[in-house]
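Novice: One structure, as structure tokens, below. Some questions next.
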Amino acid sequence: MRIRAERDDLADVLARAGRAVGTRSPLPILQGVLCEVEGSRLRVTGTDTDITIRTTLEVEALEDGRTVIPAKLAAEAVRKLPAGAVSMTAADGEVEITGNGPRFRLRELNVDDFPKLPEGSEGVSLSVDGASFTSALSQVGVAASGDEARPTLTGVLFEGEGDTMRLVATDSYRLAVRDMPDIAGTEPTLVPFRALRELGRALGEGAMDVVLGDRDANFATDRGSLSVRIIEANFPNYRQLLPESYPNRLVVSKTSLLDAVGRASLVAEDHIPVRLNLHDGGIELSVTRQEVGEETEHIEAEYQGEELTIAFNTRYLTDGVSAVASDEIVLETSDPLKPGLISGVNDEAFRYLLMPVRL
């Protein structure tokens with residue numbers, strides 16, 4: 001195998017495929033990316049067997065062939081070469097990477113040891129706008145759990161709701177729901193969020209084809225594809241947690257609330273909540289930490305309902321407010337012991353349900 005390509009383009013495809021490589025895998029072959037050259041196309045594949053990313057690049061192909069090279073080392077080696085054309089040659093157990101003077105010789109991994117991977121998935125096919133889709137995933141992803149001991153909660157649920165695709169995630173402390181209209185026919189499928197957060201960086205934000213199968217989900221753009229093994233488990237019944245209405249409603253500036261909670265978090269720690277006293281005219285926000293001190297301030301806002309005090313984890317509250325696209329936030333509550341619902345003004349496509357902290 002022998003090719004020539006622009007340094008930045010080659011470094012980009014190697015790095016994007018390398019995002020699927022498991023850095024702690026006990027199998028040395030899974031530390032590498034498979035490079036295949038046929039005609040004028042280079043295809044680079046990285047996998048940890050659960051997530052697979054394939055990327056392609058048009059190159060000057062001097063000789064077809066296949067090789068497996070260390071993922072991170074190869075991408076960084078190419079990136080650190082001088083700007084301009086780069087050559088990559090695989091022969092006699094070595095991969096030589098050169099460009100305008102410097103030369104790397106990397107040990108080639110055994111290409112026959114690279115796992116045989118299925119091409120794509122069969123299932124429900126959807127077409128989405130990549131930018132809107134990755135933005136929606138980032139909104140709900142804040143509520144996905146990072147605890148691998150609870151795999152069901154580490155995923156994002158895809159399901160159909162009439163002519164709308166709904167995305168849902170929860171870690172049992174908060175719940176995020178995002179509706180995407182005019183995308184129908186989605187079967188309930190639970191996809192690991194750790195794969196979904198790579199979509200924008202690995203595949204870009206162009207038109208995206210999505211296939212949700214019985215065992216795998218596949219996402220593809222003109223820059224490549226990402227496939228991931230789905231989570232075969234029953235997602236919690238989240239619908240019963242979303243009341244039809246709330247008696248108390250607050251409308252406040254997103255920036256003002258985020259700034260205030262940010263100041264409060266300087267005093268608080270994760271286990272110390274911020275208190276929101278909701279009353280006519282706004283919010284009295286306060287946090288107290290016995291060994292450090294306290295912070296209090298008033299935020300002007302519109303409030304309808306009975307005066308009450310409710311407390312939230314500062315990080316979880318910040319995550320939810322930050323995920324709202326609108327400039328103004330709606331916080332709806334019923335009482336201090338039941339979840340509060342956060343959304344945008346005149347925008348219920350995204351909803352974030354947050355459990356309060358008992359005072």
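By convention in this document, the chains of the structure tokens carry letters A, B, ... by their order, each chain's residues are numbered from 1, and ligands are numbered from 1 in the order they are shown.
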Could you list, as a list in words, every residue within 10 Å of Tyr303 in chain A, counting only C-alpha atoms and ignoring same-chain residues fewer than 2 positions away?
Specialist: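 Answer for this query is Asn248, Arg249, Leu250, Val251, Val252, Leu278, His279, Asp280, Gly281, Gly282, Ile283, Glu300, Ala301, Gly305, Glu306, Glu307, Val330, Leu331 and Glu332 of chain A.
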Novice: Would you please extract all strand (DSSP E) residues from range 36-170 of chain A, as assigned by DSSP on the backbone, and give them as a PyMOL selection string?
Specialist: chain A and resi 36-38+41-47+51-58+60-63+65-70+85-91+94-98+103-107+123-129+155-161+164-170
Novice: Can you spit out the residues from that selection as a short mmCIF file (atom, residue, chain, number, x, y, z; two decimals), in the first residue's frame, using C-alpha atoms?
Specialist:
data_model
loop_
_atom_site.label_atom_id
_atom_site.label_comp_id
_atom_site.auth_asym_id
_atom_site.auth_seq_id
_atom_site.Cartn_x
_atom_site.Cartn_y
_atom_site.Cartn_z
CA GLU A 36 -7.55 0.09 2.93
CA VAL A 37 -6.63 1.58 -0.45
CA GLU A 38 -8.55 0.73 -3.60
CA ARG A 41 -9.94 5.95 -2.21
CA LEU A 42 -8.50 5.42 1.24
CA ARG A 43 -10.89 3.94 3.81
CA VAL A 44 -9.91 4.06 7.48
CA THR A 45 -11.76 1.96 10.08
CA GLY A 46 -11.49 2.10 13.86
CA THR A 47 -13.41 -0.06 16.31
CA ILE A 51 -18.55 1.18 18.17
CA THR A 52 -17.13 1.27 14.63
CA ILE A 53 -16.23 4.43 12.70
CA ARG A 54 -15.37 4.32 9.01
CA THR A 55 -13.99 7.36 7.17
CA THR A 56 -12.91 7.86 3.56
CA LEU A 57 -10.58 10.16 1.67
CA GLU A 58 -9.75 10.67 -2.00
CA GLU A 60 -3.25 9.74 -4.92
CA ALA A 61 -3.01 5.96 -4.79
CA LEU A 62 0.34 4.64 -5.98
CA GLU A 63 -0.34 1.07 -4.83
CA GLY A 65 -3.36 -2.60 -0.27
CA ARG A 66 -4.32 -2.96 3.39
CA THR A 67 -2.54 -2.30 6.66
CA VAL A 68 -3.26 -1.72 10.34
CA ILE A 69 -1.34 1.05 12.10
CA PRO A 70 -1.39 2.36 15.69
CA ALA A 85 1.85 16.50 0.81
CA VAL A 86 2.46 13.40 2.93
CA SER A 87 3.34 9.89 1.75
CA MET A 88 2.36 6.72 3.57
CA THR A 89 3.80 3.34 2.53
CA ALA A 90 3.23 -0.08 4.09
CA ALA A 91 5.79 -2.79 3.31
CA GLU A 94 6.55 -1.33 8.63
CA VAL A 95 4.51 1.74 7.75
CA GLU A 96 6.62 4.68 6.62
CA ILE A 97 5.10 8.17 6.90
CA THR A 98 7.09 11.02 5.33
CA ARG A 103 10.18 10.41 8.45
CA PHE A 104 8.31 8.07 10.81
CA ARG A 105 8.63 4.28 10.64
CA LEU A 106 5.87 2.57 12.63
CA ARG A 107 5.51 -1.13 13.26
CA GLY A 123 -33.91 -1.87 10.04
CA VAL A 124 -35.92 1.34 10.14
CA SER A 125 -34.33 3.97 7.85
CA LEU A 126 -34.54 7.70 8.51
CA SER A 127 -33.06 10.80 6.91
CA VAL A 128 -32.18 13.71 9.20
CA ASP A 129 -30.32 17.00 9.07
CA GLY A 155 -28.37 5.27 26.40
CA VAL A 156 -30.67 7.59 24.49
CA LEU A 157 -34.08 6.17 23.65
CA PHE A 158 -35.27 6.71 20.06
CA GLU A 159 -39.01 6.25 19.61
CA GLY A 160 -41.88 7.37 17.40
CA GLU A 161 -44.52 9.76 18.72
CA THR A 164 -42.32 12.95 15.48
CA MET A 165 -39.10 11.25 16.53
CA ARG A 166 -38.56 11.52 20.28
CA LEU A 167 -35.18 11.31 22.01
CA VAL A 168 -35.14 10.55 25.75
CA ALA A 169 -32.39 10.13 28.35
CA THR A 170 -32.35 9.83 32.15
#
Novice: Hey, which of A:Leu359, A:Leu199, A:Leu308, A:Val191 ends up closest to Pro273 in chain A? Count only C-alpha atoms.
Specialist: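 Looking at the shortest contact to Pro273 in chain A, the residue is A:Leu359.
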Novice: Please, what distance in Å, to one decimal, runs between CA of Ala75 in chain A and CA of Glu119 in chain A?
Specialist: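 Atom-to-atom, CA of Ala75 in chain A and CA of Glu119 in chain A are spaced 24.1 Å apart.
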Novice: Report the residues of range 124-297 of chain A whose backbone DSSP state falls under alpha helix (DSSP H), written as a VMD selection string.
Specialist: chain A and resid 130 to 141 193 to 196 199 to 203 254 to 267
Novice: In Å, rounded to a single decimal, give me how far CA of Arg79 in chain A is from CA of Ala11 in chain A.
Specialist: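 Interatomic distance, CA of Ala11 in chain A to CA of Arg79 in chain A: 5.5 Å.
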Novice: Using only C-alpha atoms, which of the listed residues (A:Asp112, A:Thr189, A:Leu10, A:Asp48) sits closest to Pro26 in chain A?
Specialist: A:Asp48
Novice: Go through A:Ala136, A:Val261, A:Ala325, A:Ala71 and flag the residue nearest Asp347 in chain A, using only C-alpha atoms for the distances.
Specialist: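 Distance minimum relative to Asp347 in chain A lands on A:Ala325.
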Novice: Record the distance separating CA of Val142 in chain A and CA of Gly206 in chain A, expressed in Å with one decimal.
Specialist: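 Calculated distance between CA of Val142 in chain A and CA of Gly206 in chain A is 23.1 Å.
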Novice: Go through A:Ser245, A:Asn234, A:Thr309, A:Asn100 and flag the residue nearest Leu285 in chain A, using only C-alpha atoms for the distances.
Specialist: A:Thr309
Novice: Using only C-alpha atoms, determine which residues lie at most 6 Å from Gly340 in chain A, disregarding the query and same-chain residues fewer than 6 positions distant; provide the list as a short mmCIF file (atom, residue, chain, number, x, y, z; two decimals) with C-alpha atoms, in the first residue's frame.
Specialist:
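Printed below is out-v2.cif as written:
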data_model
loop_
_atom_site.label_atom_id
_atom_site.label_comp_id
_atom_site.auth_asym_id
_atom_site.auth_seq_id
_atom_site.Cartn_x
_atom_site.Cartn_y
_atom_site.Cartn_z
CA GLU A 332 -42.76 24.91 36.30
CA THR A 333 -43.27 23.38 39.75
CA LEU A 353 -37.36 17.28 34.38
CA LEU A 354 -35.20 17.70 37.49
#
Novice: Return the single residue from A:Gly224, A:Gly185, A:Gly293, A:Gly200 that is closest to Ser135 in chain A, with distances computed using only C-alpha atoms.
Specialist: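 Closest to Ser135 in chain A, using only C-alpha atoms: A:Gly200.
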